[in-house]
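my_file-v8.txt follows (compact mmCIF, C-alpha atoms):
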# COMPACT_ATOMS: atom_id res chain seq x y z
CA MET A 19 98.15 56.73 -212.19
CA SER A 20 96.98 53.57 -210.42
CA GLU A 21 94.27 53.31 -207.79
CA ASP A 22 96.88 52.15 -205.27
CA GLN A 23 99.00 55.24 -205.88
CA ILE A 24 96.01 57.54 -205.40
CA ASP A 25 95.14 55.68 -202.17
CA ASP A 26 98.72 55.89 -200.95
CA TYR A 27 98.80 59.61 -201.66
CA LEU A 28 95.52 60.23 -199.83
CA LEU A 29 96.53 58.03 -196.90
CA GLY A 30 99.88 59.84 -196.59
CA ARG A 31 101.94 56.81 -197.56
CA LEU A 32 103.79 58.38 -200.50
CA GLN A 33 107.20 59.74 -199.65
CA GLY A 34 110.26 61.21 -201.30
CA GLU A 35 110.54 60.78 -205.05
CA SER A 36 107.16 59.02 -205.44
CA LEU A 37 105.42 61.89 -203.68
CA ARG A 38 107.21 64.50 -205.78
CA ALA A 39 106.36 62.69 -209.01
CA PHE A 40 102.72 62.39 -207.97
CA GLN A 41 102.48 66.09 -207.16
CA GLU A 42 104.11 67.06 -210.47
CA GLN A 43 101.61 64.98 -212.39
CA LEU A 44 98.79 66.42 -210.33
CA ASP A 45 99.78 69.94 -211.43
CA THR A 46 99.37 69.08 -215.10
CA ASP A 47 96.87 66.23 -215.22
CA THR A 48 93.35 67.61 -214.83
CA GLU A 49 91.79 64.12 -214.95
CA LEU A 50 93.97 63.04 -212.02
CA ALA A 51 93.04 66.19 -210.10
CA LYS A 52 89.36 65.47 -210.74
CA GLU A 53 89.72 61.82 -209.68
CA LEU A 54 91.54 62.93 -206.56
CA GLY A 55 88.70 65.31 -205.74
CA ILE A 56 86.17 62.48 -206.06
CA ARG A 57 88.29 60.15 -203.95
CA LYS A 58 88.74 62.77 -201.26
CA GLU A 59 85.00 63.14 -201.04
CA LEU A 60 84.54 59.37 -200.78
CA LEU A 61 87.23 59.06 -198.13
CA GLN A 62 85.68 61.90 -196.17
CA GLN A 63 82.42 60.01 -196.08
CA ILE A 64 84.15 56.78 -195.04
CA ASP A 65 85.95 58.74 -192.35
CA ASP A 66 82.67 60.23 -191.08
CA LEU A 67 81.10 56.80 -190.93
CA GLY A 68 84.15 55.38 -189.17
CA ASP A 69 83.98 58.24 -186.66
CA GLN A 70 80.32 57.48 -185.98
CA GLN A 71 81.02 53.82 -185.36
CA MET A 72 84.08 54.49 -183.22
CA LYS A 73 82.24 57.16 -181.19
CA ALA A 74 79.50 54.63 -180.47
CA ARG A 75 82.10 52.11 -179.25
CA ILE A 76 83.87 54.71 -177.11
CA SER A 77 80.56 55.85 -175.68
CA GLU A 78 79.67 52.25 -174.81
CA VAL A 79 82.99 51.78 -173.02
CA HIS A 80 82.51 55.14 -171.27
CA GLN A 81 79.05 54.17 -169.97
CA LEU A 82 80.38 50.83 -168.79
CA GLN A 83 83.28 52.50 -167.01
CA LEU A 84 80.97 55.02 -165.32
CA LYS A 85 78.77 52.17 -164.15
CA GLN A 86 81.80 50.35 -162.77
CA MET A 87 83.02 53.54 -161.08
CA LYS A 88 79.61 53.95 -159.42
CA GLN A 89 79.66 50.33 -158.28
CA TYR A 90 83.20 50.75 -157.00
CA LYS A 91 82.20 53.88 -155.06
CA LEU A 92 79.17 52.06 -153.66
CA ILE A 93 81.35 49.17 -152.51
CA GLN A 94 83.87 51.65 -151.08
CA ARG A 95 81.13 53.49 -149.16
CA SER A 96 79.60 50.24 -147.96
CA LEU A 97 82.99 49.08 -146.71
CA ILE A 98 83.58 52.40 -144.92
CA LEU A 99 80.11 52.15 -143.36
CA PHE A 100 80.75 48.53 -142.38
CA PHE A 101 84.05 49.38 -140.69
CA LEU A 102 82.51 52.39 -138.93
CA LEU A 103 79.72 50.19 -137.59
CA LEU A 104 82.27 47.59 -136.59
CA LEU A 105 84.30 50.27 -134.80
CA LEU A 106 81.16 51.54 -133.07
CA ALA A 107 80.28 47.99 -132.05
CA ILE A 108 83.78 47.44 -130.65
CA LEU A 109 83.70 50.75 -128.77
CA GLY A 110 80.18 50.00 -127.52
CA TRP A 111 81.24 46.57 -126.39
CA TRP A 112 84.27 48.08 -124.66
CA PHE A 113 82.23 50.71 -122.83
CA LEU A 114 79.29 48.47 -122.02
CA GLY A 115 81.65 45.66 -121.11
CA ARG A 116 83.49 47.95 -118.72
CA ALA A 117 80.60 49.68 -117.04
CA PRO A 118 78.91 46.62 -115.58
CA LYS A 119 82.18 45.45 -114.00
CA ASN A 120 82.54 48.69 -112.02
CA GLU A 121 78.85 48.69 -111.29
CA ILE A 122 78.93 45.08 -110.05
CA LEU A 123 81.95 45.75 -107.84
CA TYR A 124 80.21 48.82 -106.44
CA GLN A 125 77.06 46.84 -105.68
CA GLN A 126 79.11 44.04 -104.12
CA HIS A 127 81.04 46.34 -101.83
CA TYR A 128 78.62 49.10 -101.01
CA GLN A 129 76.67 48.82 -97.80
CA ALA A 130 74.79 51.60 -96.10
CA TYR A 131 76.81 52.84 -93.19
CA ALA A 132 75.26 52.13 -89.80
CA LEU A 133 74.97 55.56 -88.24
CA ASN A 134 74.53 55.55 -84.49
CA PHE A 135 73.89 58.61 -82.42
CA GLY A 136 74.40 58.23 -78.69
CA SER A 137 72.56 60.12 -75.97
CA ARG A 138 75.39 62.66 -75.80
CA ASP A 139 74.94 63.50 -79.46
CA GLN A 140 71.21 63.75 -79.06
CA ALA A 141 71.56 65.98 -76.04
CA ALA A 142 73.78 68.34 -78.00
CA ASN A 143 71.49 68.30 -81.06
CA PRO A 144 67.87 67.31 -80.26
CA GLY A 145 67.05 67.16 -83.98
CA LEU A 146 69.41 64.19 -84.38
CA LEU A 147 66.79 61.84 -82.96
CA SER A 148 64.39 62.30 -85.84
CA ALA A 149 67.20 62.60 -88.43
CA GLY A 150 68.80 59.35 -87.21
CA ALA A 151 65.39 57.63 -87.19
CA ALA A 152 64.69 58.72 -90.79
CA TYR A 153 68.14 57.43 -91.84
CA LYS A 154 67.59 54.05 -90.18
CA GLN A 155 64.16 53.72 -91.85
CA GLY A 156 65.75 54.42 -95.24
CA ASP A 157 63.99 57.77 -95.66
CA PHE A 158 67.20 59.37 -96.91
CA ALA A 159 65.57 62.43 -98.50
CA ASN A 160 64.00 63.44 -95.22
CA ALA A 161 67.12 62.51 -93.28
CA LEU A 162 69.24 64.65 -95.63
CA THR A 163 67.06 67.73 -95.02
CA LEU A 164 67.16 67.20 -91.27
CA PHE A 165 70.97 66.67 -91.21
CA GLN A 166 71.49 69.76 -93.36
CA ASN A 167 69.44 71.82 -90.85
CA ILE A 168 71.50 70.49 -87.98
CA LEU A 169 74.75 71.30 -89.84
CA THR A 170 73.77 74.98 -90.04
CA GLN A 171 73.68 75.00 -86.23
CA ALA A 172 76.84 72.88 -85.84
CA PRO A 173 79.00 73.50 -88.92
CA ASN A 174 82.08 71.82 -87.42
CA ASN A 175 80.32 68.55 -86.66
CA THR A 176 82.12 66.08 -88.90
CA LYS A 177 79.74 63.23 -88.11
CA ILE A 178 76.81 65.28 -89.49
CA ARG A 179 78.88 66.07 -92.57
CA LEU A 180 79.51 62.33 -93.06
CA ALA A 181 75.80 61.62 -92.51
CA ILE A 182 74.89 64.17 -95.19
CA GLY A 183 77.34 62.53 -97.62
CA LEU A 184 75.90 59.10 -96.88
CA CYS A 185 72.33 60.33 -97.51
CA GLN A 186 73.41 61.95 -100.79
CA GLN A 187 75.16 58.76 -101.89
CA GLU A 188 72.01 56.75 -101.12
CA LEU A 189 70.03 59.26 -103.15
CA GLN A 190 72.61 58.83 -105.99
CA GLN A 191 73.66 62.49 -105.71
CA TYR A 192 77.23 61.37 -106.18
CA ASP A 193 78.85 64.73 -106.97
CA GLN A 194 77.27 66.35 -103.91
CA ALA A 195 78.28 63.38 -101.78
CA LEU A 196 81.90 63.80 -102.97
CA GLN A 197 81.73 67.48 -101.92
CA SER A 198 80.48 66.45 -98.48
CA TYR A 199 83.24 63.84 -98.00
CA THR A 200 86.12 65.96 -99.33
CA PRO A 201 86.66 68.17 -96.22
CA LEU A 202 86.85 65.06 -94.03
CA ILE A 203 89.55 63.54 -96.27
CA GLU A 204 91.47 66.79 -96.68
CA LYS A 205 91.55 67.41 -92.93
CA ASP A 206 92.33 63.70 -92.37
CA ASP A 207 89.52 63.65 -89.81
CA PRO A 208 90.57 61.24 -87.05
CA LEU A 209 87.01 59.97 -86.46
CA TYR A 210 85.40 59.88 -89.88
CA GLY A 211 88.26 60.31 -92.40
CA ASP A 212 88.44 56.58 -93.16
CA GLN A 213 84.68 56.32 -93.75
CA ALA A 214 84.85 59.34 -96.05
CA ARG A 215 87.75 57.72 -97.97
CA TRP A 216 85.92 54.41 -98.34
CA TYR A 217 82.67 55.88 -99.58
CA THR A 218 84.48 58.35 -101.84
CA ALA A 219 86.48 55.43 -103.29
CA LEU A 220 83.20 53.62 -104.01
CA ILE A 221 81.76 56.67 -105.77
CA HIS A 222 84.90 56.92 -107.93
CA LEU A 223 84.52 53.23 -108.73
CA HIS A 224 80.90 53.79 -109.71
CA GLN A 225 81.87 56.72 -111.92
CA GLY A 226 84.68 54.79 -113.62
CA ASN A 227 87.50 56.85 -112.05
CA ARG A 228 89.62 53.84 -111.27
CA GLU A 229 92.83 55.73 -110.51
CA GLU A 230 91.22 57.93 -107.83
CA CYS A 231 89.41 54.91 -106.43
CA ILE A 232 92.62 52.84 -106.20
CA ASN A 233 94.53 55.75 -104.68
CA LEU A 234 92.03 56.09 -101.81
CA LEU A 235 91.79 52.31 -101.31
CA GLN A 236 95.57 52.09 -101.07
CA GLN A 237 95.54 54.72 -98.28
CA LEU A 238 93.11 52.51 -96.35
CA ALA A 239 94.98 49.30 -97.19
CA ASN A 240 98.32 50.76 -96.04
CA ALA A 241 96.95 51.57 -92.58
CA SER A 242 96.10 48.28 -90.92
CA SER A 243 94.17 49.99 -88.12
CA ALA A 244 92.01 52.02 -90.51
CA ASP A 245 88.31 51.47 -90.68
CA PHE A 246 87.38 49.59 -93.87
CA HIS A 247 91.01 48.31 -94.10
CA GLU A 248 89.96 44.75 -94.95
CA GLU A 249 87.27 45.87 -97.37
CA ALA A 250 89.79 48.13 -99.11
CA VAL A 251 92.33 45.29 -99.45
CA GLU A 252 89.66 43.01 -100.89
CA LEU A 253 88.38 45.58 -103.35
CA LEU A 254 91.92 46.43 -104.45
CA GLY A 255 92.51 42.77 -105.17
CA ALA A 256 89.32 42.65 -107.25
CA LEU A 257 90.34 45.77 -109.15
CA GLU A 258 93.85 44.62 -109.88
CA MET B 29 94.74 48.74 -161.26
CA ARG B 30 97.49 46.91 -163.15
CA SER B 31 99.73 49.21 -165.17
CA ILE B 32 100.23 48.35 -168.84
CA PRO B 33 103.33 49.60 -170.73
CA ASP B 34 102.62 52.44 -173.17
CA ALA B 35 103.95 50.49 -176.13
CA ASP B 36 101.49 47.68 -175.39
CA ILE B 37 98.59 50.13 -175.34
CA ILE B 38 99.61 51.53 -178.73
CA HIS B 39 99.98 47.99 -180.01
CA GLN B 40 96.51 47.07 -178.74
CA LEU B 41 94.95 50.16 -180.33
CA LYS B 42 96.48 49.17 -183.65
CA SER B 43 95.13 45.65 -183.35
CA SER B 44 92.56 44.22 -185.74
CA SER B 45 90.75 42.66 -182.78
CA ASN B 46 87.83 44.70 -181.43
CA LYS B 47 88.35 43.09 -178.03
CA GLU B 48 91.93 44.33 -177.79
CA VAL B 49 91.01 47.83 -178.98
CA ASP B 50 88.12 48.06 -176.49
CA GLY B 51 90.43 46.78 -173.74
CA ALA B 52 92.91 49.57 -174.49
CA ILE B 53 90.09 52.16 -174.55
CA SER B 54 88.82 50.93 -171.17
CA TYR B 55 92.33 51.11 -169.74
CA LEU B 56 92.85 54.67 -171.04
CA HIS B 57 89.46 55.62 -169.63
CA GLN B 58 90.36 54.29 -166.20
CA ARG B 59 93.73 56.06 -166.22
CA THR B 60 92.81 59.41 -167.75
CA PHE B 61 89.14 60.31 -167.48
CA GLN B 62 89.30 61.47 -163.85
CA SER B 63 92.24 63.80 -164.60
CA VAL B 64 90.38 65.27 -167.59
CA TRP B 65 87.24 65.73 -165.50
CA ARG B 66 89.22 67.47 -162.73
CA PHE B 67 90.89 69.77 -165.26
CA ILE B 68 87.59 70.71 -166.91
CA LYS B 69 85.87 71.23 -163.55
CA LYS B 70 88.69 73.54 -162.52
CA ASN B 71 88.23 75.43 -165.79
CA SER B 72 84.52 76.19 -165.52
CA GLY B 73 83.19 73.04 -167.17
CA HIS B 74 80.55 70.50 -166.23
CA PHE B 75 80.61 66.72 -166.13
CA ALA B 76 78.81 66.52 -169.49
CA ASP B 77 81.57 68.72 -171.00
CA ALA B 78 84.20 66.35 -169.62
CA GLU B 79 82.37 63.36 -171.11
CA ASP B 80 82.15 64.99 -174.56
CA VAL B 81 85.72 66.26 -174.57
CA PHE B 82 87.14 62.98 -173.32
CA GLN B 83 85.32 60.93 -175.93
CA GLU B 84 86.31 63.33 -178.68
CA GLY B 85 89.92 63.29 -177.45
CA LEU B 86 89.99 59.52 -177.29
CA LEU B 87 88.67 59.30 -180.85
CA ALA B 88 91.34 61.72 -182.07
CA PHE B 89 94.01 59.74 -180.22
CA TYR B 90 92.77 56.46 -181.70
CA LYS B 91 92.88 57.89 -185.22
CA LEU B 92 96.38 59.25 -184.75
CA VAL B 93 97.55 55.85 -183.56
CA ARG B 94 95.89 54.02 -186.46
CA GLN B 95 97.37 56.49 -188.93
CA GLY B 96 100.81 55.73 -187.51
CA LYS B 97 101.31 59.31 -186.36
CA ILE B 98 102.07 58.33 -182.76
CA GLU B 99 105.29 56.57 -181.83
CA GLU B 100 105.25 53.59 -179.49
CA THR B 101 107.56 55.50 -177.14
CA VAL B 102 104.99 58.18 -176.37
CA LYS B 103 103.51 58.52 -172.85
CA VAL B 104 99.95 57.61 -173.77
CA GLU B 105 98.15 59.01 -170.71
CA ALA B 106 99.96 62.36 -170.91
CA TYR B 107 99.39 62.54 -174.67
CA LEU B 108 95.67 61.80 -174.38
CA PHE B 109 95.32 64.27 -171.53
CA SER B 110 97.03 67.00 -173.56
CA ILE B 111 94.65 66.37 -176.50
CA CYS B 112 91.64 66.70 -174.17
CA ARG B 113 93.14 69.73 -172.47
CA ASN B 114 93.67 71.48 -175.82
CA LEU B 115 90.18 70.56 -176.99
CA TRP B 116 88.64 72.11 -173.88
CA LEU B 117 90.79 75.26 -174.03
CA LYS B 118 89.82 75.66 -177.68
CA GLN B 119 86.14 75.34 -176.74
CA LEU B 120 86.58 77.87 -173.96
CA ASN B 121 88.23 80.35 -176.32
CA LYS B 122 85.48 79.80 -178.84
CA LYS B 123 82.84 80.54 -176.21
CA LYS B 124 84.78 83.63 -175.14
CA ASP B 125 85.09 84.87 -178.72
CA THR B 126 81.38 84.29 -179.35
CA THR B 127 80.53 86.37 -176.30
CA GLU B 128 82.92 89.15 -177.23
CA TRP B 129 81.97 89.38 -180.88
CA GLU B 130 78.30 88.58 -180.83
CA SER B 131 77.37 92.19 -181.52
CA VAL B 132 79.64 92.42 -184.58
CA PRO B 133 77.95 91.45 -187.90
CA PRO B 134 79.56 88.50 -189.75
CA LEU B 135 81.79 89.23 -192.74
CA GLU B 136 79.82 86.87 -194.97
CA SER B 137 76.26 87.77 -195.70
CA ALA B 138 73.48 85.83 -194.03
CA GLU B 139 72.42 84.51 -197.42
CA ASP B 140 75.86 83.02 -198.12
CA LEU B 141 75.95 81.34 -194.75
CA GLN B 142 72.50 79.89 -195.27
CA LEU B 143 73.48 78.54 -198.68
CA ASP B 144 76.66 77.01 -197.27
CA GLY B 145 74.64 75.34 -194.51
CA LEU B 146 72.13 73.95 -197.01
CA LEU B 147 74.91 72.53 -199.18
CA LYS B 148 76.44 70.77 -196.21
CA ILE B 149 73.12 69.25 -195.21
CA GLU B 150 72.38 68.16 -198.77
CA ARG B 151 75.85 66.64 -199.17
CA LYS B 152 75.43 64.74 -195.90
CA GLU B 153 72.03 63.41 -196.92
CA VAL B 154 73.32 62.28 -200.32
CA LEU B 155 76.32 60.50 -198.83
CA ASP B 156 74.21 58.83 -196.13
CA LYS B 157 71.98 57.49 -198.88
CA VAL B 158 75.01 56.24 -200.83
CA MET B 159 76.41 54.47 -197.79
CA GLN B 160 73.09 52.73 -197.26
CA GLN B 161 72.99 51.57 -200.89
CA LEU B 162 76.56 50.31 -200.62
CA GLY B 163 75.68 47.39 -198.35
CA GLU B 164 77.11 46.27 -195.04
CA LYS B 165 80.05 44.21 -196.28
CA CYS B 166 81.29 47.01 -198.52
CA ARG B 167 80.97 49.58 -195.74
CA GLU B 168 82.87 47.23 -193.47
CA ILE B 169 85.79 46.61 -195.81
CA LEU B 170 86.14 50.31 -196.70
CA ILE B 171 86.18 51.31 -193.04
CA TYR B 172 88.72 48.59 -192.21
CA TYR B 173 91.03 49.75 -194.98
CA TYR B 174 90.64 53.54 -195.07
CA TYR B 175 89.57 54.37 -191.50
CA ASP B 176 91.18 51.67 -189.36
CA ARG B 177 94.15 51.45 -191.74
CA MET B 178 94.21 47.68 -191.45
CA ARG B 179 96.45 45.50 -193.62
CA MET B 180 94.77 43.49 -196.36
CA LYS B 181 95.96 40.28 -194.70
CA ASN B 182 94.11 41.18 -191.47
CA ILE B 183 91.03 42.29 -193.38
CA ALA B 184 90.97 38.96 -195.21
CA GLU B 185 91.19 37.09 -191.88
CA LEU B 186 88.50 39.22 -190.24
CA MET B 187 86.09 38.93 -193.13
CA GLY B 188 86.74 35.27 -193.80
CA LEU B 189 88.22 35.89 -197.27
CA SER B 190 90.66 33.37 -198.68
CA ASN B 191 93.66 35.72 -199.05
CA GLU B 192 94.76 39.34 -199.20
CA GLN B 193 94.43 39.58 -202.98
CA VAL B 194 90.75 38.64 -202.68
CA ALA B 195 90.37 41.30 -199.99
CA LYS B 196 92.12 43.85 -202.18
CA ASN B 197 89.86 43.07 -205.14
CA LYS B 198 86.81 43.28 -202.91
CA LYS B 199 87.94 46.66 -201.58
CA SER B 200 88.53 47.99 -205.11
CA GLY B 201 85.12 46.74 -206.20
CA CYS B 202 83.42 48.43 -203.26
CA MET B 203 85.27 51.69 -203.84
CA LYS B 204 84.23 51.61 -207.50
CA LYS B 205 80.62 50.92 -206.51
CA MET B 206 80.68 53.79 -204.05
CA ARG B 207 82.22 56.09 -206.63
CA ASN B 208 79.52 55.23 -209.18
CA LEU B 209 76.73 55.67 -206.64
CA VAL B 210 78.08 59.08 -205.64
CA LEU B 211 78.47 60.28 -209.20
CA GLU B 212 74.93 59.17 -210.04
CA GLN B 213 73.62 61.67 -207.53
CA PRO B 214 72.45 64.92 -209.16
CA PHE B 215 74.11 66.89 -206.37
CA TYR B 216 77.55 65.55 -207.39
CA LYS B 217 76.98 65.68 -211.14
CA THR B 218 77.18 69.47 -210.91
CA TYR B 219 80.52 69.19 -209.10
CA PHE B 220 82.31 66.45 -210.96
CA GLY B 221 80.39 66.14 -214.20
CA ASN B 222 79.72 62.75 -215.86
CA ASN B 223 82.47 60.14 -215.55
Using structure tokens, write down the structure that the file contains.
Amino acid sequence: MSEDQIDDYLLGRLQGESLRAFQEQLDTDTELAKELGIRKELLQQIDDLGDQQMKARISEVHQLQLKQMKQYKLIQRSLILFFLLLLLAILGWWFLGRAPKNEILYQQHYQAYALNFGSRDQAANPGLLSAGAAYKQGDFANALTLFQNILTQAPNNTKIRLAIGLCQQELQQYDQALQSYTPLIEKDDPLYGDQARWYTALIHLHQGNREECINLLQQLANASSADFHEEAVELLGALE
Amino acid sequence: MRSIPDADIIHQLKSSSNKEVDGAISYLHQRTFQSVWRFIKKNSGHFADAEDVFQEGLLAFYKLVRQGKIEETVKVEAYLFSICRNLWLKQLNKKKDTTEWESVPPLESAEDLQLDGLLKIERKEVLDKVMQQLGEKCREILIYYYYDRMRMKNIAELMGLSNEQVAKNKKSGCMKKMRNLVLEQPFYKTYFGNN
């Protein structure tokens, strides 16, 4: 039996008649059986060595792939982080870009209301003299306390209510100021309703509530005889 | 990642070029390793288990391809995954059996097992020594022919031999040398006698 035939048998290349003939000879030929045993042993060793070498190559590829996967994940995470930061920057720019516009418009259009109390008012409420004086001097905290005291004695006095709102607005107590103005707007106060609308509109502008601001300004702009009519028209133009 | 047809992957794995084989291995790694890792994680394994099983599976797949036992029409990713899956399930069953039967004494005596273990170690040492004595070129040609199942023509090209007959003669010479070296070892003389 040739070396090639033994190789072919061990490598599974013998088929059909050749295979049958080989097996028949193997049953009777002890020398062939012995040679086959030796060859099997040699091939097993070659196979083990081949496995070792191939495992080393596979392991090398595996390590390289893991490294690439890590790099890919790092790039992926960096990109996500970059886009998040970009999004934050855009949002920040949008918010910061918006806020100053409202703030600037508020500063441009806000002016402290000139409160005047005549002798009739002062006769009815003697405390108004000192409250009015504090307001004129810009001592709004003191004026607020004095006006609030007067309001307890004259709860239906809408001018005092307006004065309280004005003091609160000056003191940047915007939510309280809105509460003070609201009854004047709701009751459509004939004397101080327009003032309340104007200053409420300005607070809404300051707080970024453009819709509420525009709504109130439009009420003033639609009534040509309203106080702050011209200011409202101008501010509406700036807002639109 | 660009998809490569299955037949091309099989073709690359059968190639005599290391670059092509490594390319196919990288591709299979990219396409299959994550699935194997997910499967093993789901079945109480760790990342190190997935690494071992995947590499073992890939080796088995490579050998099947080289031995011509895998058709070019096979779905390579599914086939490789199923090899890895079976390897892991086998390991799990083995672990389970070990836990269940650890209190039962083995059928073979401890002495027999010890002797068997010693023989294996001795055989391994002897063959390692033989492979060292064989020389690099001989090891190379024998692995190309018997392990990688390369054609003599390709072996001749790879090793810079003039033609396939020269390669064939070289292979026969190396096999003969290996055979003689093995049979010189006292360990094998008792098995095969003097030849």
Can you write out as a Markdown table which residues of segment 128-173 of chain A fall within 12 Å of segment 212-234 of chain A, alongside each residue's closest atom pair and its distance in Å to one decimal, counting all atoms listed in the file and ordering rows by chain and ascending residue number?
| residue | atom | partner | partner_atom | distance |
| --- | --- | --- | --- | --- |
| A:Tyr128 | CA | A:Leu220 | CA | 7.1 |
| A:Gln129 | CA | A:Tyr217 | CA | 9.4 |
| A:Ala130 | CA | A:Tyr217 | CA | 9.6 |
| A:Tyr131 | CA | A:Gln213 | CA | 8.6 |
| A:Ala132 | CA | A:Gln213 | CA | 11.0 |
| A:Leu133 | CA | A:Gln213 | CA | 11.2 |
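Across the model, the gap from atom CA of Ser44 of chain B to atom CA of Met180 of chain B is 10.9 Å.
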Check your understanding: In Å, how far is it from atom CA of Asp45 of chain A to atom CA of Ser20 of chain A?
Key -> 16.6 Å
Exercise for review: Neighbourhood query: residues within 12 Å of (81.5, 65.8, -101.8), file coordinates, counting all atoms listed in the file; return as an MDAnalysis selection string.
Suggested key: chainID A and resid 179:187 191:204 214:215 217:219 221:222
Exercise for review: Kindly indicate which residue among B:Leu86, B:Leu189, B:Ala184, B:Val81 lies nearest to chain A, using all atoms listed in the file for the distances.
Suggested key: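 With all atoms listed in the file as the atom set, the closest residue is B:Leu86.
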